[in-house]
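Enquirer: Sharing protein.txt, compact mmCIF, C-alpha atoms:
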```
# COMPACT_ATOMS: atom_id res chain seq x y z
CA MET A 1 83.41 168.18 150.48
CA LYS A 2 81.13 168.28 147.48
CA VAL A 3 78.98 165.61 149.11
CA SER A 4 78.52 167.68 152.26
CA VAL A 5 77.57 170.75 150.23
CA VAL A 6 74.95 168.68 148.43
CA ARG A 7 73.66 167.26 151.72
CA ASN A 8 73.33 170.76 153.20
CA ILE A 9 71.38 171.93 150.17
CA LEU A 10 69.05 168.93 150.39
CA GLU A 11 68.46 169.36 154.13
CA ALA A 12 67.72 173.07 153.74
CA ASN A 13 65.31 172.23 150.94
CA ASP A 14 63.55 169.58 153.03
CA ARG A 15 62.83 172.17 155.71
CA ILE A 16 61.26 174.61 153.25
CA ALA A 17 59.32 171.80 151.55
CA GLN A 18 57.88 170.79 154.92
CA GLN A 19 56.74 174.39 155.54
CA ASN A 20 55.06 174.37 152.11
CA ARG A 21 53.42 171.08 152.93
CA ASP A 22 52.09 172.36 156.25
CA LEU A 23 50.49 175.27 154.44
CA PHE A 24 48.95 173.01 151.78
CA THR A 25 47.55 170.77 154.52
CA GLU A 26 46.00 173.79 156.21
CA TYR A 27 44.11 174.53 153.00
CA GLY A 28 43.19 170.87 152.41
CA LEU A 29 44.99 171.03 149.09
CA LEU A 30 46.21 167.89 147.29
CA VAL A 31 49.61 168.61 145.70
CA ILE A 32 51.27 166.45 143.04
CA ASN A 33 54.87 166.82 141.87
CA LEU A 34 54.82 165.63 138.25
CA MET A 35 58.13 164.53 136.74
CA SER A 36 59.50 162.90 133.56
CA SER A 37 62.14 163.10 130.86
CA PRO A 38 61.74 165.96 128.37
CA GLY A 39 58.86 165.28 126.00
CA ALA A 40 57.30 162.31 127.79
CA GLY A 41 53.94 164.09 127.93
CA LYS A 42 53.63 166.02 131.22
CA THR A 43 51.90 169.05 129.71
CA SER A 44 49.66 166.92 127.46
CA LEU A 45 48.56 164.88 130.46
CA LEU A 46 47.83 168.09 132.37
CA GLU A 47 45.71 169.47 129.52
CA LYS A 48 43.68 166.26 129.36
CA THR A 49 43.32 166.00 133.13
CA ILE A 50 42.14 169.60 133.45
CA ASP A 51 39.55 169.11 130.70
CA ALA A 52 38.26 165.97 132.39
CA LEU A 53 38.15 167.17 135.99
CA LYS A 54 37.75 170.93 136.01
CA SER A 55 33.97 170.83 136.48
CA ASP A 56 34.45 168.76 139.66
CA VAL A 57 37.81 169.93 140.98
CA ARG A 58 39.32 173.41 141.38
CA ILE A 59 42.78 172.96 139.87
CA GLY A 60 45.90 175.12 139.86
CA VAL A 61 49.17 174.51 138.05
CA ILE A 62 52.79 175.51 138.55
CA GLU A 63 54.85 175.12 135.38
CA GLY A 64 58.58 174.60 135.86
CA ASP A 65 60.84 175.24 132.89
CA ILE A 66 64.43 176.25 132.49
CA GLN A 67 63.36 178.87 130.00
CA SER A 68 60.27 179.91 127.98
CA SER A 69 56.61 180.02 129.00
CA GLN A 70 55.17 177.78 126.29
CA ASP A 71 53.81 175.20 128.73
CA ALA A 72 52.19 177.77 131.01
CA GLU A 73 50.53 179.36 127.97
CA ARG A 74 49.10 175.97 126.96
CA ILE A 75 47.71 175.42 130.47
CA ALA A 76 46.45 178.98 130.99
CA LYS A 77 44.24 178.54 127.91
CA LYS A 78 42.24 176.07 129.98
CA GLY A 79 41.15 178.95 132.18
CA ILE A 80 42.74 177.78 135.42
CA PRO A 81 45.26 179.56 137.68
CA THR A 82 48.74 178.93 136.28
CA VAL A 83 52.12 180.24 137.40
CA GLN A 84 55.31 179.81 135.38
CA ILE A 85 58.64 179.30 137.13
CA ASN A 86 61.71 179.79 134.97
CA THR A 87 64.64 178.20 136.75
CA GLY A 88 67.21 180.01 134.61
CA GLY A 89 69.40 176.96 134.16
CA GLU A 90 68.53 174.90 137.23
CA CYS A 91 67.63 171.31 136.38
CA HIS A 92 64.83 170.87 138.95
CA LEU A 93 62.30 172.74 141.07
CA ASP A 94 62.89 173.20 144.80
CA GLY A 95 60.86 174.24 147.83
CA ASN A 96 61.93 177.86 147.62
CA MET A 97 60.82 178.31 144.03
CA ILE A 98 57.41 176.86 144.88
CA ARG A 99 57.04 179.13 147.93
CA ASP A 100 57.72 182.15 145.76
CA THR A 101 54.55 181.43 143.74
CA PHE A 102 52.19 181.38 146.73
CA GLU A 103 51.15 185.04 146.56
CA LYS A 104 49.84 184.42 143.05
CA PHE A 105 47.38 181.68 144.10
CA ASP A 106 44.14 181.72 146.04
CA PHE A 107 44.54 178.40 147.87
CA GLU A 108 41.24 178.94 149.69
CA ASN A 109 39.48 178.22 146.41
CA MET A 110 41.59 175.36 145.16
CA ASP A 111 41.43 171.57 145.65
CA LEU A 112 44.34 170.31 143.59
CA LEU A 113 47.72 171.84 142.74
CA ILE A 114 49.83 170.09 140.12
CA VAL A 115 53.49 171.07 139.90
CA GLU A 116 54.99 170.24 136.51
CA ASN A 117 58.71 169.83 137.12
CA VAL A 118 61.58 170.47 134.69
CA GLY A 119 61.94 167.65 132.14
CA ASN A 120 64.65 165.52 133.72
CA LEU A 121 64.59 161.87 134.83
CA VAL A 122 67.35 162.39 137.40
CA CYS A 123 67.58 165.52 139.56
CA PRO A 124 63.92 166.36 140.37
CA ALA A 125 63.57 163.06 142.25
CA GLU A 126 65.93 164.36 144.96
CA PHE A 127 64.01 167.52 145.79
CA LYS A 128 60.72 167.77 147.66
CA VAL A 129 58.59 170.81 146.96
CA GLY A 130 55.91 170.14 149.58
CA GLU A 131 53.92 167.61 147.56
CA ASP A 132 51.61 164.89 148.87
CA PHE A 133 53.23 162.57 146.36
CA LYS A 134 55.43 162.46 143.29
CA ALA A 135 54.04 161.10 140.02
CA MET A 136 56.16 160.27 136.98
CA ILE A 137 55.54 159.68 133.31
CA LEU A 138 57.60 157.32 131.17
CA SER A 139 57.01 157.32 127.44
CA VAL A 140 57.30 153.94 125.70
CA THR A 141 59.60 155.54 123.13
CA GLU A 142 62.21 156.01 125.86
CA GLY A 143 62.62 152.23 126.06
CA ASP A 144 61.99 149.53 128.63
CA ASP A 145 65.46 149.73 130.24
CA LYS A 146 64.71 153.01 132.02
CA PRO A 147 63.62 151.72 135.47
CA SER A 148 66.92 149.91 136.01
CA LYS A 149 68.95 152.85 134.68
CA TYR A 150 67.17 155.66 136.53
CA PRO A 151 65.95 153.86 139.66
CA LEU A 152 65.65 156.82 142.05
CA MET A 153 62.75 158.43 140.20
CA PHE A 154 60.85 155.14 140.11
CA HIS A 155 61.62 154.65 143.79
CA GLU A 156 60.42 158.10 144.86
CA SER A 157 57.21 158.12 142.83
CA LYS A 158 53.85 156.91 144.07
CA VAL A 159 52.43 156.78 140.54
CA LEU A 160 53.95 155.72 137.21
CA MET A 161 52.11 156.66 134.03
CA ILE A 162 53.35 154.79 130.99
CA ASN A 163 52.43 157.13 128.13
CA LYS A 164 52.37 157.01 124.30
CA ILE A 165 51.17 153.40 124.21
CA ASP A 166 49.74 154.22 120.75
CA LEU A 167 53.38 154.07 119.55
CA LEU A 168 54.03 150.57 120.99
CA PRO A 169 53.60 148.79 117.63
CA TYR A 170 56.46 150.86 116.19
CA THR A 171 58.95 150.33 119.03
CA ASP A 172 60.76 147.39 120.67
CA CYS A 173 59.50 148.43 124.09
CA SER A 174 58.05 145.76 126.40
CA LEU A 175 55.37 147.04 128.79
CA ASP A 176 55.84 143.91 130.89
CA ARG A 177 59.52 144.65 131.39
CA ILE A 178 58.80 148.24 132.43
CA LYS A 179 56.20 147.07 134.95
CA GLU A 180 58.28 144.23 136.37
CA ASP A 181 61.43 146.31 136.75
CA SER A 182 59.53 149.26 138.24
CA LEU A 183 57.78 147.09 140.81
CA LYS A 184 61.10 145.52 141.80
CA ILE A 185 62.34 149.02 142.68
CA ASN A 186 59.07 150.15 144.23
CA PRO A 187 56.50 147.41 145.01
CA ASP A 188 53.85 149.98 145.99
CA LEU A 189 54.00 151.90 142.70
CA ARG A 190 50.56 152.46 141.16
CA ILE A 191 50.97 151.96 137.40
CA PHE A 192 48.72 153.33 134.66
CA GLN A 193 49.19 152.89 130.93
CA MET A 194 47.80 155.47 128.59
CA SER A 195 47.97 157.49 125.43
CA CYS A 196 47.36 161.22 125.81
CA LYS A 197 46.98 161.28 122.02
CA THR A 198 44.21 158.66 121.61
CA GLY A 199 42.82 158.98 125.14
CA GLU A 200 43.23 155.27 125.84
CA GLY A 201 43.64 154.49 129.52
CA LEU A 202 43.05 158.05 130.73
CA ASP A 203 39.65 157.36 132.37
CA GLU A 204 41.27 155.09 134.92
CA TRP A 205 43.74 157.82 135.88
CA TYR A 206 40.99 160.46 136.15
CA ALA A 207 38.90 158.21 138.43
CA TRP A 208 41.88 157.38 140.64
CA LEU A 209 42.89 161.06 140.94
CA LEU A 210 39.34 162.24 141.60
CA GLU A 211 39.06 159.72 144.42
CA ARG A 212 42.29 161.07 145.97
CA VAL A 213 41.09 164.67 145.77
CA LYS A 214 37.66 163.91 147.22
CA ASN A 215 38.98 161.76 150.07
CA ARG A 216 42.31 163.40 150.66
CA GLU A 217 42.45 163.02 154.40
CA VAL A 218 41.15 159.47 154.46
CA ILE A 219 43.33 157.94 151.82
CA LEU A 220 46.73 159.62 151.89
CA MET B 1 76.24 181.55 147.99
CA LYS B 2 74.89 178.58 146.10
CA VAL B 3 75.87 180.28 142.85
CA SER B 4 79.47 180.67 143.96
CA VAL B 5 79.66 177.01 145.03
CA VAL B 6 78.42 176.02 141.59
CA ARG B 7 80.91 178.35 139.92
CA ASN B 8 83.79 176.89 141.91
CA ILE B 9 82.77 173.36 140.95
CA LEU B 10 82.55 174.33 137.27
CA GLU B 11 85.94 176.08 137.33
CA ALA B 12 87.63 173.14 139.03
CA ASN B 13 86.07 170.83 136.45
CA ASP B 14 87.24 173.02 133.56
CA ARG B 15 90.84 172.70 134.75
CA ILE B 16 90.68 168.90 134.89
CA ALA B 17 88.88 168.74 131.55
CA GLN B 18 91.67 170.82 130.01
CA GLN B 19 94.28 168.38 131.36
CA ASN B 20 92.31 165.50 129.84
CA ARG B 21 92.13 167.37 126.56
CA ASP B 22 95.88 167.99 126.52
CA LEU B 23 96.45 164.27 126.95
CA PHE B 24 93.99 163.36 124.19
CA THR B 25 95.70 165.87 121.88
CA GLU B 26 99.07 164.27 122.62
CA TYR B 27 97.69 160.93 121.41
CA GLY B 28 95.95 162.49 118.39
CA LEU B 29 92.66 161.19 119.70
CA LEU B 30 89.30 162.62 118.60
CA VAL B 31 86.94 162.74 121.60
CA ILE B 32 83.18 163.23 121.39
CA ASN B 33 80.91 163.92 124.36
CA LEU B 34 77.53 162.42 123.36
CA MET B 35 74.46 163.70 125.17
CA SER B 36 70.66 163.40 125.04
CA SER B 37 67.51 162.80 127.07
CA PRO B 38 67.03 159.26 128.36
CA GLY B 39 66.10 156.91 125.54
CA ALA B 40 66.79 159.22 122.59
CA GLY B 41 69.14 156.63 121.06
CA LYS B 42 72.72 157.27 122.21
CA THR B 43 73.65 153.61 122.65
CA SER B 44 71.87 152.57 119.44
CA LEU B 45 73.76 155.22 117.50
CA LEU B 46 77.02 154.02 119.04
CA GLU B 47 76.32 150.41 118.04
CA LYS B 48 75.57 151.42 114.46
CA THR B 49 78.57 153.76 114.24
CA ILE B 50 80.95 151.12 115.58
CA ASP B 51 79.67 148.55 113.07
CA ALA B 52 80.11 151.02 110.23
CA LEU B 53 83.53 152.42 111.12
CA LYS B 54 85.44 149.85 113.13
CA SER B 55 87.34 148.48 110.16
CA ASP B 56 88.69 151.99 109.46
CA VAL B 57 88.83 153.58 112.89
CA ARG B 58 90.08 152.30 116.27
CA ILE B 59 87.24 153.23 118.58
CA GLY B 60 86.91 153.26 122.37
CA VAL B 61 83.81 154.03 124.42
CA ILE B 62 83.13 155.36 127.91
CA GLU B 63 79.61 154.57 129.07
CA GLY B 64 78.18 156.91 131.69
CA ASP B 65 75.18 155.69 133.67
CA ILE B 66 73.80 156.45 137.10
CA GLN B 67 73.51 152.74 137.73
CA SER B 68 73.70 149.41 135.81
CA SER B 69 76.10 148.30 133.09
CA GLN B 70 73.57 147.40 130.40
CA ASP B 71 74.86 149.92 127.88
CA ALA B 72 78.51 148.95 128.35
CA GLU B 73 77.56 145.30 127.83
CA ARG B 74 75.82 146.19 124.57
CA ILE B 75 78.90 148.08 123.36
CA ALA B 76 81.48 145.55 124.59
CA LYS B 77 79.77 142.92 122.40
CA LYS B 78 81.13 144.87 119.44
CA GLY B 79 84.64 143.88 120.52
CA ILE B 80 85.96 147.36 121.26
CA PRO B 81 87.46 148.78 124.47
CA THR B 82 84.61 149.91 126.70
CA VAL B 83 84.67 151.30 130.23
CA GLN B 84 81.55 151.79 132.34
CA ILE B 85 81.27 154.71 134.73
CA ASN B 86 78.50 154.46 137.32
CA THR B 87 77.95 157.92 138.71
CA GLY B 88 76.01 156.62 141.73
CA GLY B 89 73.34 159.29 141.53
CA GLU B 90 75.19 162.10 139.78
CA CYS B 91 73.28 163.47 136.80
CA HIS B 92 76.25 164.07 134.48
CA LEU B 93 79.84 163.02 133.80
CA ASP B 94 82.72 165.30 134.75
CA GLY B 95 86.42 165.58 134.02
CA ASN B 96 87.44 163.64 137.08
CA MET B 97 85.32 160.60 136.27
CA ILE B 98 86.77 160.49 132.77
CA ARG B 99 90.33 160.79 134.06
CA ASP B 100 89.72 157.80 136.34
CA THR B 101 89.16 155.58 133.28
CA PHE B 102 92.50 156.36 131.60
CA GLU B 103 94.43 153.44 133.03
CA LYS B 104 91.96 151.08 131.39
CA PHE B 105 92.57 152.37 127.86
CA ASP B 106 95.48 152.05 125.45
CA PHE B 107 95.23 155.49 123.84
CA GLU B 108 98.29 154.78 121.69
CA ASN B 109 96.14 152.39 119.68
CA MET B 110 92.96 154.41 119.48
CA ASP B 111 91.70 157.07 117.05
CA LEU B 112 88.28 157.93 118.40
CA LEU B 113 86.89 157.98 121.94
CA ILE B 114 83.16 158.42 122.34
CA VAL B 115 81.87 159.34 125.79
CA GLU B 116 78.20 158.48 126.24
CA ASN B 117 76.93 160.80 128.94
CA VAL B 118 74.10 160.21 131.43
CA GLY B 119 70.68 160.60 129.80
CA ASN B 120 69.81 164.17 130.69
CA LEU B 121 69.04 167.15 128.48
CA VAL B 122 70.12 169.67 131.11
CA CYS B 123 73.13 169.13 133.36
CA PRO B 124 75.71 167.42 131.08
CA ALA B 125 75.83 170.53 128.87
CA GLU B 126 77.54 172.45 131.68
CA PHE B 127 80.44 170.06 132.20
CA LYS B 128 83.40 169.56 129.91
CA VAL B 129 85.13 166.21 130.07
CA GLY B 130 88.03 167.03 127.71
CA GLU B 131 86.11 166.50 124.47
CA ASP B 132 86.88 167.98 121.06
CA PHE B 133 83.19 168.65 120.73
CA LYS B 134 79.79 167.85 122.18
CA ALA B 135 77.20 166.05 120.06
CA MET B 136 73.54 165.68 120.99
CA ILE B 137 70.67 163.51 119.93
CA LEU B 138 67.04 164.63 119.95
CA SER B 139 64.37 162.06 119.25
CA VAL B 140 61.35 163.29 117.29
CA THR B 141 59.08 161.72 119.91
CA GLU B 142 60.34 164.30 122.42
CA GLY B 143 58.61 167.02 120.43
CA ASP B 144 59.66 170.05 118.42
CA ASP B 145 59.54 172.49 121.35
CA LYS B 146 62.75 171.17 122.91
CA PRO B 147 65.32 173.62 121.48
CA SER B 148 63.53 176.62 122.97
CA LYS B 149 62.95 174.85 126.31
CA TYR B 150 66.46 173.37 126.77
CA PRO B 151 68.60 175.90 124.90
CA LEU B 152 71.95 175.34 126.63
CA MET B 153 72.47 171.85 125.24
CA PHE B 154 71.68 173.03 121.71
CA HIS B 155 74.01 175.98 122.23
CA GLU B 156 76.94 173.88 123.50
CA SER B 157 76.72 171.14 120.86
CA LYS B 158 78.55 171.16 117.56
CA VAL B 159 76.33 168.42 116.14
CA LEU B 160 72.60 167.74 116.47
CA MET B 161 71.31 164.33 115.42
CA ILE B 162 67.54 164.20 115.04
CA ASN B 163 66.75 160.53 115.59
CA LYS B 164 63.74 158.21 115.23
CA ILE B 165 62.53 159.92 112.06
CA ASP B 166 60.79 156.61 111.23
CA LEU B 167 58.25 157.62 113.91
CA LEU B 168 57.52 161.03 112.35
CA PRO B 169 54.26 159.90 110.70
CA TYR B 170 52.87 158.98 114.12
CA THR B 171 53.79 162.22 115.93
CA ASP B 172 52.96 165.93 115.63
CA CYS B 173 56.64 166.82 115.50
CA SER B 174 57.86 169.29 112.86
CA LEU B 175 61.45 168.73 111.70
CA ASP B 176 61.47 172.25 110.27
CA ARG B 177 60.63 173.76 113.65
CA ILE B 178 63.40 171.77 115.36
CA LYS B 179 65.93 172.90 112.76
CA GLU B 180 64.87 176.54 112.72
CA ASP B 181 64.79 176.89 116.51
CA SER B 182 68.10 175.05 116.93
CA LEU B 183 69.85 177.23 114.38
CA LYS B 184 68.52 180.36 116.07
CA ILE B 185 70.29 179.22 119.26
CA ASN B 186 73.41 177.95 117.48
CA PRO B 187 73.85 179.03 113.84
CA ASP B 188 76.90 176.78 113.40
CA LEU B 189 75.14 173.61 114.49
CA ARG B 190 75.64 170.71 112.05
CA ILE B 191 72.29 168.90 111.83
CA PHE B 192 71.72 165.29 110.74
CA GLN B 193 68.39 163.50 110.62
CA MET B 194 68.32 159.74 110.97
CA SER B 195 66.69 156.59 112.15
CA CYS B 196 68.93 154.16 114.01
CA LYS B 197 66.16 151.62 113.50
CA THR B 198 65.81 151.76 109.70
CA GLY B 199 69.33 153.11 109.03
CA GLU B 200 68.00 156.10 107.09
CA GLY B 201 70.38 159.06 107.16
CA LEU B 202 73.20 157.25 108.96
CA ASP B 203 75.60 157.16 106.00
CA GLU B 204 75.87 160.92 105.99
CA TRP B 205 76.84 160.90 109.69
CA TYR B 206 79.40 158.12 109.20
CA ALA B 207 81.05 160.00 106.33
CA TRP B 208 81.16 163.27 108.27
CA LEU B 209 82.61 161.57 111.36
CA LEU B 210 85.20 159.60 109.36
CA GLU B 211 86.38 162.82 107.75
CA ARG B 212 86.83 164.37 111.21
CA VAL B 213 88.81 161.40 112.50
CA LYS B 214 91.06 161.24 109.44
CA ASN B 215 91.75 164.95 109.32
CA ARG B 216 91.54 165.77 112.95
CA GLU B 217 94.24 168.41 113.10
CA VAL B 218 93.23 170.10 109.86
CA ILE B 219 89.56 170.46 110.49
CA LEU B 220 88.96 170.97 114.18
```
What's the C-alpha cells form of this structure?
Expert:
Amino acid sequence: MKVSVVRNILEANDRIAQQNRDLFTEYGLLVINLMSSPGAGKTSLLEKTIDALKSDVRIGVIEGDIQSSQDAERIAKKGIPTVQINTGGECHLDGNMIRDTFEKFDFENMDLLIVENVGNLVCPAEFKVGEDFKAMILSVTEGDDKPSKYPLMFHESKVLMINKIDLLPYTDCSLDRIKEDSLKINPDLRIFQMSCKTGEGLDEWYAWLLERVKNREVIL
Amino acid sequence: MKVSVVRNILEANDRIAQQNRDLFTEYGLLVINLMSSPGAGKTSLLEKTIDALKSDVRIGVIEGDIQSSQDAERIAKKGIPTVQINTGGECHLDGNMIRDTFEKFDFENMDLLIVENVGNLVCPAEFKVGEDFKAMILSVTEGDDKPSKYPLMFHESKVLMINKIDLLPYTDCSLDRIKEDSLKINPDLRIFQMSCKTGEGLDEWYAWLLERVKNREVIL
C-alpha cells in the first residue's frame, strides 16, 4: 500500500520533470541537479563556479532549502538570477517546485541553470526535476564508506565531486576507496577531486563544465 | 492529498512507536534514537560509548542503514547484541522496523538500547521509534549554518553532540553560532562538544548518559 503510494508519487513527478526538461531543451539550457549531504559544499562550489564562468556563461540558480534563504542570499550577491525554494519540511526538490520558479527566470538569456537540492544523501536521488544530469558532492570528512552505504545517489549521478581534500591529512578517509567503490556502483561516473577552500582541482571542473555548456547538443 | 497521506503514515507510526515504548518501559530499558547527517560520527560515538560503559551497562544496538552491514559489523566486534536493519531505500527508521528486531534481543538482560538511524538530517526527525529521547550529532565540518537550515532535527532532539572539534582549526565553523542558533530553536537542548578521534569531551557525555541509565525513572 505504502509502496504503491510512493510509486504513484514518483510517476507523477517523472511526468512533470519531463515537461520541465522539454522546456529547457527548447531554450537550449543545460540544467544540473546538484546534490549532497548537508554541509558537503554545494553552495561553496556554486560560488566558485559562478566566479569562474560568469563572464563566459549566463548562469541561473535555484536554491532548495527546507527553511531559510541564507544560500540564495550568498548566490544572489554574485549578481546572477537566483530563486529560493523553501520546501517547508520536504526532504528533496521535485518537478513541481522547479516549475513554480519558471516565471521568475528569463530562460531566453540563460545558458546554464544549476539546481541546488536540499542537503540529503538519500531522497533527492529518487526525484527528477528536469535536469540534463545529476551531480553530487561528497566531502572527505564524511568518510570513505559512503558509496557502499548510500549507493543510489552514486548510481544516479553523472558526476561525483570529492570535496574538502585539504582536510585529507586530518582524516582516515581513503580517496582510492571512494573512487573504487563509486565506480563499482556506476562505471561511467566522472570523478573530480577538489577543495573549494584552497581552489585545488577546481580548474578541471570548470573546463569540463564549460565544454558541456558550449557543446550541449553534441555531447549530452 | 499528499499531505493527508503523509499525516496518516505519521499517525500510524506514532501508534506503533507508542507500543514499542510501552514494552521498553516494562523492561526498564533506556532507548536512544541517534541521528545525524551521513558521516558525522554516529558509529564512532557508539564504539567509544560501548568501550567506556559496557562494564557498567548492558547495551544493545540497532543499526539502521539503507544497505550494507558495515556498521553492525563494527559494533558487533565489541561483543554486544547488535541487529542490522537494512531499509532497502527508505531514508529513515520507523516503529515497525524496530518492532521487527525484538525477537532477536533479550531485553530482560539489557539496560540501554541505542538505535543508530539512517544518516539523514531531515526525515528521521519526523518518525518516533519508541525512544525515550532523540540525540543528534553535528560535525563541525558540516558548518555552523545547519541549525537554521535543518531546524526540525534540532527541535526534536534532547541532546546535541558537536563532533570532530579536532578539525575546528581547519574550518570556518563557529561553535558559538551552532550553540546560539540551536538553543534558539530548542532552549532545553543539552549540548556536548567532543572529538571521537582524540577523545576530547567524551567523558562528560559518558557521565551524563550513565546517570540517565542508572536513574532512568527518576530523571526522564
Enquirer: Using all atoms listed in the file, find the one residue out of A:Asn120, A:Asn163, A:Thr25, A:Gln18 that sits nearest to Phe192 of chain A.
Expert: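 Once distances to Phe192 of chain A are computed over all atoms listed in the file, the minimum belongs to A:Asn163.
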Enquirer: Using only C-alpha atoms, which residues sit within 9 Å of Lys78 of chain A once same-chain residues fewer than 2 positions away are excluded, as a ChimeraX atom specification?
Expert: /A:47,50-51,74-76,80-81
Enquirer: Set the distance at 10 Å and use only C-alpha atoms: which residues neighbour Cys196 of chain A once local chain neighbours fewer than 6 positions away are removed? I'd like the list as a PyMOL selection string.
Expert: chain A and resi 41-49+163-166+202
Enquirer: Find the residues in chain A near chain B: any atom within 6 Å counts, using only C-alpha atoms. Write them as a list in words.
Expert: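 Every residue meeting the condition is included here: Gly39, Gln67, Ser68, Glu142, Gly143 and Lys149 of chain A.
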Enquirer: Which value, in Å to one decimal, gives the distance between atom CA of Glu26 of chain B and atom CA of Asn13 of chain B?
Expert: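 According to the coordinates, atom CA of Glu26 of chain B and atom CA of Asn13 of chain B are separated by 20.1 Å.
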Enquirer: Might you pull out every residue within 10 Å of Leu93 of chain B, with all atoms listed in the file counted and same-chain residues fewer than 3 positions away left off, and present them as a list of chain:residue names?
Expert: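 Returned residues: B:Asn33, B:Glu63, B:Gly64, B:Asp65, B:Ile66, B:Ile85, B:Asn86, B:Thr87, B:Glu90, B:Asn96, B:Met97, B:Ile98, B:Val115, B:Glu116, B:Asn117, B:Val118, B:Cys123, B:Pro124, B:Ala125, B:Glu126, B:Phe127, B:Lys128, B:Val129.
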Enquirer: Expressed in Å to a single decimal, how great is the separation between atom CA of Leu210 of chain B and atom CA of Ser157 of chain B?
Expert: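 Interatomic distance, atom CA of Leu210 of chain B to atom CA of Ser157 of chain B: 18.4 Å.
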Enquirer: So how many Å separate atom CA of Leu160 of chain B and atom CA of Asp188 of chain B, to one decimal?
Expert: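 Result for atom CA of Leu160 of chain B versus atom CA of Asp188 of chain B: 10.5 Å, one decimal.
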Enquirer: What are the centre and edge lengths in Å, to one decimal, of the axis-aligned box around all listed atoms of segment 125-128 of chain A with 8 Å added on each side, as AutoDock Vina command-line options?
Expert:
```
--center_x 63.3 --center_y 165.4 --center_z 145.0 --size_x 21.2 --size_y 20.7 --size_z 21.4
```
Enquirer: Within 10 Å of (46.7, 170.5, 144.1) in the file's own coordinates, which protein, DNA or RNA residues have an atom, counting all atoms listed in the file? List them as a PyMOL selection string.
Expert: chain A and resi 24+28-33+57-62+107+110-115+131-132+213
Enquirer: Selected residues, C-alpha atoms, written as a PDB file, in the coordinates of the input, please.
Expert:
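Just written: part25.pdb:
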```pdb
ATOM      1  CA  PHE A  24      48.950 173.010 151.780  1.00  0.00           C
ATOM      2  CA  GLY A  28      43.190 170.870 152.410  1.00  0.00           C
ATOM      3  CA  LEU A  29      44.990 171.030 149.090  1.00  0.00           C
ATOM      4  CA  LEU A  30      46.210 167.890 147.290  1.00  0.00           C
ATOM      5  CA  VAL A  31      49.610 168.610 145.700  1.00  0.00           C
ATOM      6  CA  ILE A  32      51.270 166.450 143.040  1.00  0.00           C
ATOM      7  CA  ASN A  33      54.870 166.820 141.870  1.00  0.00           C
ATOM      8  CA  VAL A  57      37.810 169.930 140.980  1.00  0.00           C
ATOM      9  CA  ARG A  58      39.320 173.410 141.380  1.00  0.00           C
ATOM     10  CA  ILE A  59      42.780 172.960 139.870  1.00  0.00           C
ATOM     11  CA  GLY A  60      45.900 175.120 139.860  1.00  0.00           C
ATOM     12  CA  VAL A  61      49.170 174.510 138.050  1.00  0.00           C
ATOM     13  CA  ILE A  62      52.790 175.510 138.550  1.00  0.00           C
ATOM     14  CA  PHE A 107      44.540 178.400 147.870  1.00  0.00           C
ATOM     15  CA  MET A 110      41.590 175.360 145.160  1.00  0.00           C
ATOM     16  CA  ASP A 111      41.430 171.570 145.650  1.00  0.00           C
ATOM     17  CA  LEU A 112      44.340 170.310 143.590  1.00  0.00           C
ATOM     18  CA  LEU A 113      47.720 171.840 142.740  1.00  0.00           C
ATOM     19  CA  ILE A 114      49.830 170.090 140.120  1.00  0.00           C
ATOM     20  CA  VAL A 115      53.490 171.070 139.900  1.00  0.00           C
ATOM     21  CA  GLU A 131      53.920 167.610 147.560  1.00  0.00           C
ATOM     22  CA  ASP A 132      51.610 164.890 148.870  1.00  0.00           C
ATOM     23  CA  VAL A 213      41.090 164.670 145.770  1.00  0.00           C
TER      24      VAL A 213
END
```
